[in-house]
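A.B. asks: Contents of run_9.txt (compact mmCIF, C-alpha atoms):
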# COMPACT_ATOMS: atom_id res chain seq x y z
CA MET A 1 -13.84 -47.01 -5.08
CA THR A 2 -10.21 -47.80 -5.94
CA ILE A 3 -6.93 -45.90 -6.11
CA THR A 4 -6.75 -46.83 -9.80
CA GLN A 5 -10.10 -45.15 -10.47
CA LEU A 6 -8.91 -42.01 -8.73
CA LYS A 7 -5.73 -41.98 -10.81
CA TYR A 8 -7.86 -42.21 -13.96
CA VAL A 9 -9.94 -39.25 -12.77
CA LEU A 10 -6.79 -37.19 -12.16
CA ALA A 11 -5.47 -38.07 -15.62
CA VAL A 12 -8.69 -36.96 -17.34
CA ALA A 13 -8.79 -33.77 -15.25
CA GLU A 14 -5.27 -32.96 -16.38
CA GLN A 15 -5.59 -33.92 -20.06
CA GLN A 16 -9.23 -32.80 -20.48
CA ASN A 17 -9.54 -35.71 -22.87
CA PHE A 18 -10.38 -39.38 -22.26
CA THR A 19 -8.20 -40.71 -25.08
CA LYS A 20 -5.11 -38.77 -24.01
CA ALA A 21 -5.71 -39.76 -20.37
CA ALA A 22 -5.90 -43.42 -21.38
CA GLU A 23 -2.59 -43.14 -23.23
CA LYS A 24 -0.97 -41.54 -20.21
CA THR A 25 -2.20 -44.25 -17.84
CA PHE A 26 -1.43 -47.09 -20.29
CA VAL A 27 -4.96 -48.49 -20.55
CA THR A 28 -7.53 -48.55 -23.33
CA GLN A 29 -9.94 -45.66 -23.56
CA PRO A 30 -13.02 -47.90 -22.99
CA THR A 31 -11.45 -49.33 -19.81
CA LEU A 32 -10.68 -45.87 -18.43
CA SER A 33 -14.15 -44.55 -19.31
CA MET A 34 -15.83 -47.57 -17.73
CA GLN A 35 -13.92 -47.23 -14.47
CA ILE A 36 -14.71 -43.52 -14.19
CA GLN A 37 -18.36 -44.25 -14.97
CA LYS A 38 -18.40 -46.86 -12.18
CA LEU A 39 -17.00 -44.31 -9.75
CA GLU A 40 -19.56 -41.70 -10.78
CA ASP A 41 -22.36 -44.27 -10.35
CA GLU A 42 -21.06 -45.23 -6.91
CA LEU A 43 -20.95 -41.59 -5.79
CA ASP A 44 -24.15 -40.75 -7.68
CA ILE A 45 -22.63 -37.62 -9.22
CA LEU A 46 -21.06 -36.47 -12.49
CA ILE A 47 -17.36 -35.66 -12.18
CA PHE A 48 -16.96 -34.48 -15.78
CA ASP A 49 -19.14 -32.45 -18.10
CA ARG A 50 -18.71 -34.52 -21.26
CA SER A 51 -20.74 -32.09 -23.38
CA LYS A 52 -17.94 -29.51 -23.24
CA LYS A 53 -14.94 -29.57 -25.59
CA PRO A 54 -12.46 -29.90 -24.05
CA ILE A 55 -14.00 -31.86 -21.18
CA GLU A 56 -14.53 -29.82 -18.03
CA LEU A 57 -14.94 -30.69 -14.38
CA THR A 58 -18.33 -30.13 -12.80
CA GLU A 59 -18.43 -28.09 -9.59
CA ILE A 60 -18.58 -31.24 -7.47
CA GLY A 61 -15.99 -32.76 -9.80
CA LYS A 62 -13.49 -30.07 -8.80
CA LYS A 63 -13.91 -31.05 -5.16
CA ILE A 64 -13.61 -34.73 -6.02
CA VAL A 65 -10.35 -34.09 -7.90
CA ASN A 66 -8.86 -32.21 -4.95
CA GLN A 67 -9.76 -35.06 -2.62
CA ALA A 68 -8.56 -37.69 -5.11
CA ARG A 69 -5.19 -35.95 -5.33
CA ASN A 70 -4.85 -36.11 -1.54
CA ILE A 71 -5.80 -39.80 -1.44
CA VAL A 72 -3.44 -40.80 -4.25
CA ASN A 73 -0.69 -38.77 -2.61
CA GLU A 74 -1.20 -40.58 0.69
CA ALA A 75 -1.27 -43.95 -1.09
CA ASP A 76 2.08 -43.17 -2.69
CA ARG A 77 3.40 -42.31 0.76
CA MET A 78 2.95 -45.94 1.85
CA GLN A 79 5.79 -47.08 -0.42
CA ASP A 80 7.74 -43.98 0.50
CA VAL A 81 7.54 -44.88 4.20
CA VAL A 82 8.85 -48.37 3.44
CA ASP A 83 11.71 -46.99 1.31
CA GLN A 84 12.74 -44.54 4.02
CA GLN A 85 12.64 -47.25 6.68
CA LYS A 86 14.89 -49.45 4.55
CA GLY A 87 17.19 -46.55 3.70
CA PHE A 88 16.54 -47.16 0.00
CA ILE A 89 17.44 -44.29 -2.30
CA GLY A 90 16.19 -45.19 -5.74
CA GLY A 91 13.34 -45.10 -8.23
CA GLU A 92 12.07 -42.40 -10.57
CA PHE A 93 12.52 -38.80 -9.45
CA LYS A 94 11.12 -35.91 -11.51
CA LEU A 95 13.11 -32.70 -11.16
CA GLY A 96 12.36 -29.32 -12.71
CA ILE A 97 14.90 -26.50 -13.15
CA ILE A 98 14.36 -22.93 -14.34
CA PRO A 99 16.16 -21.92 -17.60
CA THR A 100 18.56 -19.40 -16.01
CA ILE A 101 19.91 -22.07 -13.64
CA MET A 102 19.85 -25.25 -15.75
CA PRO A 103 22.91 -24.62 -18.02
CA THR A 104 25.31 -23.69 -15.23
CA LEU A 105 24.17 -25.80 -12.28
CA LEU A 106 23.22 -29.11 -13.93
CA PRO A 107 26.73 -29.92 -15.26
CA MET A 108 28.14 -29.21 -11.79
CA PHE A 109 26.19 -31.88 -9.91
CA LEU A 110 24.61 -34.37 -12.33
CA ARG A 111 27.57 -36.72 -12.81
CA THR A 112 28.37 -36.71 -9.07
CA PHE A 113 24.77 -37.46 -8.12
CA THR A 114 24.19 -40.24 -10.65
CA LYS A 115 27.46 -41.90 -9.69
CA LYS A 116 26.67 -41.77 -5.99
CA TYR A 117 23.00 -42.81 -6.37
CA PRO A 118 22.87 -45.12 -9.41
CA LYS A 119 19.43 -46.51 -8.46
CA VAL A 120 17.76 -43.10 -8.88
CA GLN A 121 16.33 -42.44 -12.34
CA LEU A 122 16.34 -38.66 -12.67
CA LYS A 123 13.87 -37.15 -15.13
CA ILE A 124 14.80 -33.50 -15.61
CA GLU A 125 12.69 -30.78 -17.23
CA GLU A 126 13.50 -27.14 -17.96
CA LEU A 127 10.45 -25.13 -16.88
CA THR A 128 9.50 -21.59 -15.86
CA THR A 129 8.89 -20.85 -12.20
CA GLU A 130 5.12 -20.74 -12.72
CA GLU A 131 5.23 -24.15 -14.39
CA LEU A 132 7.33 -25.58 -11.57
CA ILE A 133 4.88 -24.37 -8.94
CA SER A 134 1.92 -25.78 -10.83
CA LYS A 135 3.55 -29.17 -11.44
CA ILE A 136 4.70 -29.55 -7.83
CA ASN A 137 1.22 -28.71 -6.55
CA GLU A 138 -0.29 -31.25 -8.97
CA ASN A 139 2.30 -33.92 -8.00
CA HIS A 140 3.82 -34.00 -11.49
CA LEU A 141 7.24 -33.02 -10.12
CA ASP A 142 8.99 -34.39 -7.05
CA ALA A 143 11.19 -31.31 -6.63
CA ALA A 144 12.58 -28.31 -8.48
CA ILE A 145 15.40 -25.81 -8.42
CA ALA A 146 14.33 -22.17 -8.61
CA ALA A 147 15.01 -18.66 -7.40
CA THR A 148 13.25 -17.99 -4.11
CA PRO A 149 11.44 -16.94 -1.96
CA LEU A 150 8.19 -17.85 -3.75
CA TYR A 151 5.72 -17.57 -0.83
CA GLN A 152 3.79 -20.70 -1.79
CA PRO A 153 1.91 -22.26 1.17
CA LYS A 154 2.13 -25.85 -0.12
CA ILE A 155 5.80 -25.69 -1.14
CA LYS A 156 8.89 -25.99 1.05
CA GLU A 157 12.10 -24.14 0.19
CA ARG A 158 15.64 -25.12 1.19
CA ALA A 159 18.29 -22.61 0.13
CA LEU A 160 21.14 -24.18 -1.83
CA TYR A 161 23.26 -21.08 -2.42
CA TYR A 162 23.18 -17.32 -2.93
CA GLU A 163 24.26 -16.15 -6.37
CA PRO A 164 25.33 -12.51 -6.86
CA PHE A 165 24.34 -10.40 -9.86
CA VAL A 166 27.31 -9.32 -11.99
CA GLY A 167 27.35 -6.47 -14.48
CA TYR A 168 28.52 -7.10 -18.04
CA ILE A 169 29.54 -3.65 -19.24
CA PRO A 170 31.33 -3.03 -22.58
CA LYS A 171 34.14 -0.51 -22.90
CA SER A 172 31.86 2.04 -24.60
CA HIS A 173 29.32 2.12 -21.77
CA ARG A 174 28.99 5.05 -19.36
CA LEU A 175 29.85 2.76 -16.39
CA ALA A 176 32.92 1.19 -18.00
CA ASP A 177 35.42 3.19 -15.92
CA LYS A 178 33.90 2.21 -12.58
CA LYS A 179 35.78 -0.41 -10.56
CA GLU A 180 32.58 -1.44 -8.79
CA ILE A 181 28.98 -0.61 -9.56
CA GLU A 182 26.05 0.21 -7.30
CA THR A 183 22.31 -0.22 -7.72
CA VAL A 184 21.94 3.57 -7.95
CA ASP A 185 24.10 3.46 -11.10
CA LEU A 186 21.56 1.32 -12.93
CA ASP A 187 19.19 2.69 -15.51
CA ILE A 188 16.62 0.20 -16.76
CA ASP A 189 16.67 1.96 -20.13
CA ASP A 190 20.15 0.70 -21.02
CA ILE A 191 19.97 -2.77 -19.46
CA LEU A 192 19.35 -5.59 -21.91
CA LEU A 193 16.85 -7.98 -20.34
CA LEU A 194 15.76 -11.56 -20.69
CA GLU A 195 12.32 -11.89 -22.23
CA ASP A 196 9.25 -11.82 -20.00
CA GLY A 197 8.60 -15.02 -18.07
CA HIS A 198 12.13 -15.40 -16.67
CA CYS A 199 12.35 -14.75 -12.94
CA PHE A 200 15.91 -13.43 -13.34
CA ARG A 201 14.45 -10.69 -15.53
CA ASP A 202 12.00 -9.82 -12.76
CA GLY A 203 14.88 -9.78 -10.28
CA VAL A 204 16.77 -7.26 -12.43
CA VAL A 205 13.67 -5.07 -12.74
CA ASN A 206 13.16 -5.25 -8.97
CA LEU A 207 16.81 -4.36 -8.43
CA CYS A 208 16.30 -1.23 -10.51
CA LYS A 209 13.25 -0.19 -8.47
CA SER A 210 15.35 1.89 -6.14
CA SER A 211 17.26 3.57 -8.96
CA ARG A 212 16.34 5.52 -12.07
CA LEU A 213 13.42 3.94 -13.85
CA HIS A 214 12.28 5.47 -17.13
CA THR A 215 10.25 4.32 -20.12
CA ASN A 216 11.66 6.54 -22.88
CA GLN A 217 14.13 4.10 -24.42
CA SER A 218 14.59 4.43 -28.17
CA PHE A 219 14.17 0.66 -28.65
CA GLN A 220 13.01 -2.32 -26.65
CA LEU A 221 14.88 -5.59 -27.04
CA GLN A 222 14.57 -8.73 -24.94
CA SER A 223 16.16 -12.14 -25.43
CA GLY A 224 15.76 -15.68 -24.16
CA SER A 225 19.47 -16.31 -23.53
CA PHE A 226 22.35 -14.66 -21.71
CA GLU A 227 24.65 -15.43 -24.65
CA THR A 228 22.57 -13.20 -26.91
CA LEU A 229 22.52 -10.41 -24.33
CA ILE A 230 26.31 -10.54 -24.06
CA LYS A 231 26.70 -10.30 -27.85
CA LEU A 232 24.31 -7.36 -28.01
CA SER A 233 26.24 -5.63 -25.22
CA ASN A 234 29.45 -6.11 -27.19
CA GLU A 235 27.75 -4.34 -30.10
CA GLY A 236 27.23 -1.28 -27.91
CA LEU A 237 23.47 -1.71 -27.43
CA GLY A 238 23.63 -1.52 -23.65
CA MET A 239 24.81 -3.43 -20.59
CA THR A 240 23.32 -6.53 -19.01
CA LEU A 241 23.32 -8.31 -15.67
CA LEU A 242 24.30 -11.96 -15.28
CA PRO A 243 24.14 -14.58 -12.54
CA TYR A 244 27.62 -15.17 -11.07
CA LEU A 245 27.89 -18.80 -12.21
CA ASN A 246 27.34 -17.71 -15.82
CA THR A 247 30.59 -15.72 -15.67
CA LEU A 248 32.91 -18.56 -14.62
CA ASP A 249 33.45 -20.06 -18.07
CA MET A 250 33.87 -16.78 -19.93
CA ASP A 251 37.04 -16.17 -21.91
CA GLU A 252 39.51 -13.58 -20.67
CA LYS A 253 38.33 -10.93 -23.13
CA GLN A 254 34.73 -11.19 -21.89
CA LYS A 255 35.82 -11.20 -18.25
CA GLN A 256 37.38 -7.77 -18.78
CA ASN A 257 33.83 -6.41 -19.18
CA LEU A 258 32.60 -7.78 -15.85
CA LYS A 259 31.84 -5.35 -13.04
CA HIS A 260 31.00 -6.54 -9.54
CA PHE A 261 28.68 -4.68 -7.18
CA LYS A 262 29.70 -2.97 -3.99
CA LYS A 263 28.63 -4.82 -0.87
CA PRO A 264 26.03 -5.82 0.07
CA LEU A 265 26.02 -7.80 -3.17
CA PRO A 266 22.58 -7.96 -4.82
CA SER A 267 21.98 -11.69 -5.16
CA ARG A 268 19.36 -14.30 -5.90
CA GLU A 269 18.58 -17.11 -3.51
CA VAL A 270 18.56 -20.47 -5.31
CA SER A 271 16.65 -23.21 -3.53
CA LEU A 272 15.51 -26.78 -3.82
CA ILE A 273 11.72 -26.66 -3.60
CA TYR A 274 9.25 -29.49 -3.08
CA SER A 275 5.76 -30.26 -1.80
CA THR A 276 4.98 -30.05 1.90
CA SER A 277 3.83 -33.67 1.60
CA GLU A 278 7.56 -34.53 1.48
CA LEU A 279 7.20 -37.61 -0.72
CA LYS A 280 10.53 -39.18 -1.74
CA LEU A 281 12.21 -37.06 0.91
CA GLN A 282 15.22 -39.39 1.08
CA ILE A 283 16.01 -38.61 -2.59
CA THR A 284 15.32 -34.91 -2.08
CA ASN A 285 17.78 -34.86 0.84
CA ALA A 286 20.40 -36.71 -1.20
CA LEU A 287 19.98 -34.20 -4.04
CA TYR A 288 20.23 -31.27 -1.65
CA ASP A 289 23.40 -32.59 -0.02
CA THR A 290 25.05 -33.28 -3.38
CA ILE A 291 24.28 -29.87 -4.89
CA SER A 292 25.22 -27.98 -1.71
CA SER A 293 28.61 -29.67 -1.46
CA VAL A 294 29.42 -29.11 -5.14
CA VAL A 295 28.34 -25.46 -5.30
CA ARG A 296 29.95 -24.53 -2.01
CA GLY A 297 33.33 -24.61 -3.72
CA ALA A 298 32.21 -22.23 -6.47
CA ILE A 299 30.28 -19.67 -4.42
CA ALA A 300 31.33 -18.50 -0.98
CA PHE A 301 30.06 -14.92 -0.68
CA GLN A 302 29.19 -12.96 2.44
CA ASP A 303 27.36 -9.67 2.92
CA ILE A 304 24.60 -10.11 0.36
CA GLU A 305 21.16 -8.64 -0.27
CA ILE A 306 18.51 -11.01 -1.60
CA ILE A 307 16.58 -9.61 -4.56
CA SER A 308 13.03 -10.92 -4.95
CA PRO A 309 12.42 -13.15 -8.00
CA THR A 310 8.69 -12.40 -8.00
CA LYS A 311 7.35 -10.03 -10.61
CA LYS A 312 6.19 -6.60 -9.45
CA SER A 313 4.41 -3.90 -11.36
CA ILE A 314 6.54 -1.00 -12.58
Before we go any further, please render this structure as structure tokens.
C.D. replies:
Amino acid sequence: MTITQLKYVLAVAEQQNFTKAAEKTFVTQPTLSMQIQKLEDELDILIFDRSKKPIELTEIGKKIVNQARNIVNEADRMQDVVDQQKGFIGGEFKLGIIPTIMPTLLPMFLRTFTKKYPKVQLKIEELTTEELISKINENHLDAAIAATPLYQPKIKERALYYEPFVGYIPKSHRLADKKEIETVDLDIDDILLLEDGHCFRDGVVNLCKSSRLHTNQSFQLQSGSFETLIKLSNEGLGMTLLPYLNTLDMDEKQKQNLKHFKKPLPSREVSLIYSTSELKLQITNALYDTISSVVRGAIAFQDIEIISPTKKSI
């Protein structure tokens, strides 16, 4: 049994296809198939049910894959231990970021981080929270930036900052004359939301739990971007809520439509999350320190109330 064979098994389990797994692991399909066959012969079991399309794991195969993931993870730790001992901060680092954070946060820290740690090759993906959790648990991401808490037993969370919700309310809206807004002012019926799948959307819905919550709106409209929601608000189709960092680069005309909440400010907790195995921890720590120092100058709020990013039934 070899580490290479176990990596081939994990690749097939992920791709559910021998050819695609071979491409991912940079070997020929016959070589990959032969090595997995050798492992199955050694263990005297079948890891994959090859009669199914796509290929499926057998019951014992599922247990083998879980154990293989642990073994490969521990093997990777060997180099990680050496790197930490030497104080080396470099190599490939796969980072995921949720869509409602990526456009505002990434430009704030990326140049600073790459300049300070030129030996780190960052590979960045924009993914939903569910995708981030799955990829971290399967060791396909080294870390991610997401709204927390997520209550995942195999994932650690380190809070980077707390970002208040801000109302974007056009002049024609019923709340336009208010200097500050409160959660009790909110009516889910006239709040334009991000489309389902965004945790910020779920945070807004959760924020409205304690206020009026109806289902008799005359239309239902959801979008994938804050820019679209702002334009729709300007057309008089409702108000929307934005993360604080999204308001910093607005023009003066748009800023006139912003309404802040009364304290405690409803906010989302944004954290750096990573596996409890803590592989590549020296890079994770460097990333955390860089982002924290950069964002600290942009957000310095006290008296906040964290709104859960997890979806709840209405």
A.B. asks: For A:Ser293, list every protein, DNA or RNA residue within 12 Å, evaluated using only C-alpha atoms, and leave out those in the same chain fewer than 6 positions away; present the list as a list in words.
C.D. replies: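 Those residues are Met108, Phe109, Thr112, Phe113, Leu160, Tyr161, Ala286, Leu287, Ile299 and Ala300 of chain A.
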A.B. asks: Go ahead and compute the interatomic distance for atom CA of A:Tyr168 and atom CA of A:Leu127, in Å to one decimal.
C.D. replies: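 Computed distance, atom CA of A:Tyr168 to atom CA of A:Leu127, equals 25.6 Å.
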A.B. asks: Determine, using all atoms listed in the file, which residues of stretch 202-305 of chain A have any atom at most 7 Å from an atom of stretch 64-84 of chain A, and tabulate each with its shortest atom pair and distance in Å to one decimal place, rows ordered by chain and then rising number, as a Markdown table.
C.D. replies:
| residue | atom | partner | partner_atom | distance |
| --- | --- | --- | --- | --- |
| A:Leu279 | CA | A:Arg77 | CA | 6.2 |
| A:Lys280 | CA | A:Asp80 | CA | 6.0 |
| A:Gln282 | CA | A:Gln84 | CA | 6.4 |
A.B. asks: So the first atom is atom CA of A:Arg111 and the second is atom CA of A:Ala159; what is the distance between them in Å, to one decimal place?
C.D. replies: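 These atoms are spaced 21.3 Å apart.
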A.B. asks: Please indicate the distance in Å from atom CA of A:Asp49 to atom CA of A:Lys135, rounded to one decimal place.
C.D. replies: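 Spanning atom CA of A:Asp49 to atom CA of A:Lys135 is a straight-line distance of 23.9 Å.
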A.B. asks: For A:Ser172, list every protein, DNA or RNA residue within 10 Å, evaluated using only C-alpha atoms, and leave out those in the same chain fewer than 4 positions away; present the list as a list in words.
C.D. replies: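 Counting only the stated atoms, we get Ala176, Asp177, Ser233, Asn234, Glu235, Gly236, Leu237, Gly238 and Met239 of chain A.
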A.B. asks: Could you check which of A:Arg50, A:His198, A:Lys38, A:Lys123 is closest to A:Ala146, using all atoms listed in the file?
C.D. replies: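 Ranked by minimum distance to A:Ala146, first place goes to A:His198.
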A.B. asks: Might you pull out every residue within 12 Å of A:Asp249, with all atoms listed in the file counted and same-chain residues fewer than 4 positions away left off, and present them as a list in words?
C.D. replies: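 Once the adjacent positions are removed, what remains is Pro103, Thr104, Glu227, Tyr244, Leu245, Lys253, Gln254, Lys255 and Ala298 of chain A.
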A.B. asks: Save the residues we just selected, C-alpha atoms, as a PDB file, in the coordinates of the input?
C.D. replies:
ATOM      1  CA  PRO A 103      22.910 -24.620 -18.020  1.00  0.00           C
ATOM      2  CA  THR A 104      25.310 -23.690 -15.230  1.00  0.00           C
ATOM      3  CA  GLU A 227      24.650 -15.430 -24.650  1.00  0.00           C
ATOM      4  CA  TYR A 244      27.620 -15.170 -11.070  1.00  0.00           C
ATOM      5  CA  LEU A 245      27.890 -18.800 -12.210  1.00  0.00           C
ATOM      6  CA  LYS A 253      38.330 -10.930 -23.130  1.00  0.00           C
ATOM      7  CA  GLN A 254      34.730 -11.190 -21.890  1.00  0.00           C
ATOM      8  CA  LYS A 255      35.820 -11.200 -18.250  1.00  0.00           C
ATOM      9  CA  ALA A 298      32.210 -22.230  -6.470  1.00  0.00           C
TER      10      ALA A 298
END
A.B. asks: When distances are computed from all atoms listed in the file, which of A:Ile89, A:Ile273, A:Val294, A:Ala22 shows the smallest separation from A:Pro149?
C.D. replies: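 Closest residue, counting all atoms listed in the file: A:Ile273.
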A.B. asks: For a quick check of understanding, using all atoms listed in the file, which of A:Gln256, A:Ser275, A:Gln15, A:Thr129 has the smallest distance to A:Lys179?
C.D. replies: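 Closest to A:Lys179 of all the choices is A:Gln256.
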A.B. asks: Which residue out of A:Pro243, A:Gln35, A:Glu138, A:Leu194 has the minimum interatomic distance to A:Met1 when all atoms listed in the file are used?
C.D. replies: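 Once distances to A:Met1 are computed over all atoms listed in the file, the minimum belongs to A:Gln35.
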A.B. asks: The residues within 6 Å of (20.4, -6.9, -21.6), using only C-alpha atoms and the coordinates of the file, should be reported as a PyMOL selection string; which are they?
C.D. replies: chain A and resi 191-193+229+239-240
A.B. asks: Counting all atoms listed in the file, which of A:Glu269, A:Asp289, A:Asp187, A:Glu126 gets nearest to A:Pro309?
C.D. replies: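 Ranked by minimum distance to A:Pro309, first place goes to A:Glu269.
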A.B. asks: Within 12 Å of A:Met34, counting only C-alpha atoms, which residues qualify if same-chain residues fewer than 4 places away don't, as a PyMOL selection string?
C.D. replies: chain A and resi 5+8-9+18+22+27-30+38-41
A.B. asks: Between A:Ile101, A:Asp142, A:Asn137, A:Pro266, which one has atoms that come closest to A:Asn285, using only C-alpha atoms?
C.D. replies: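 Ranking A:Ile101, A:Asp142, A:Asn137, A:Pro266 by distance to A:Asn285, first place goes to A:Asp142.
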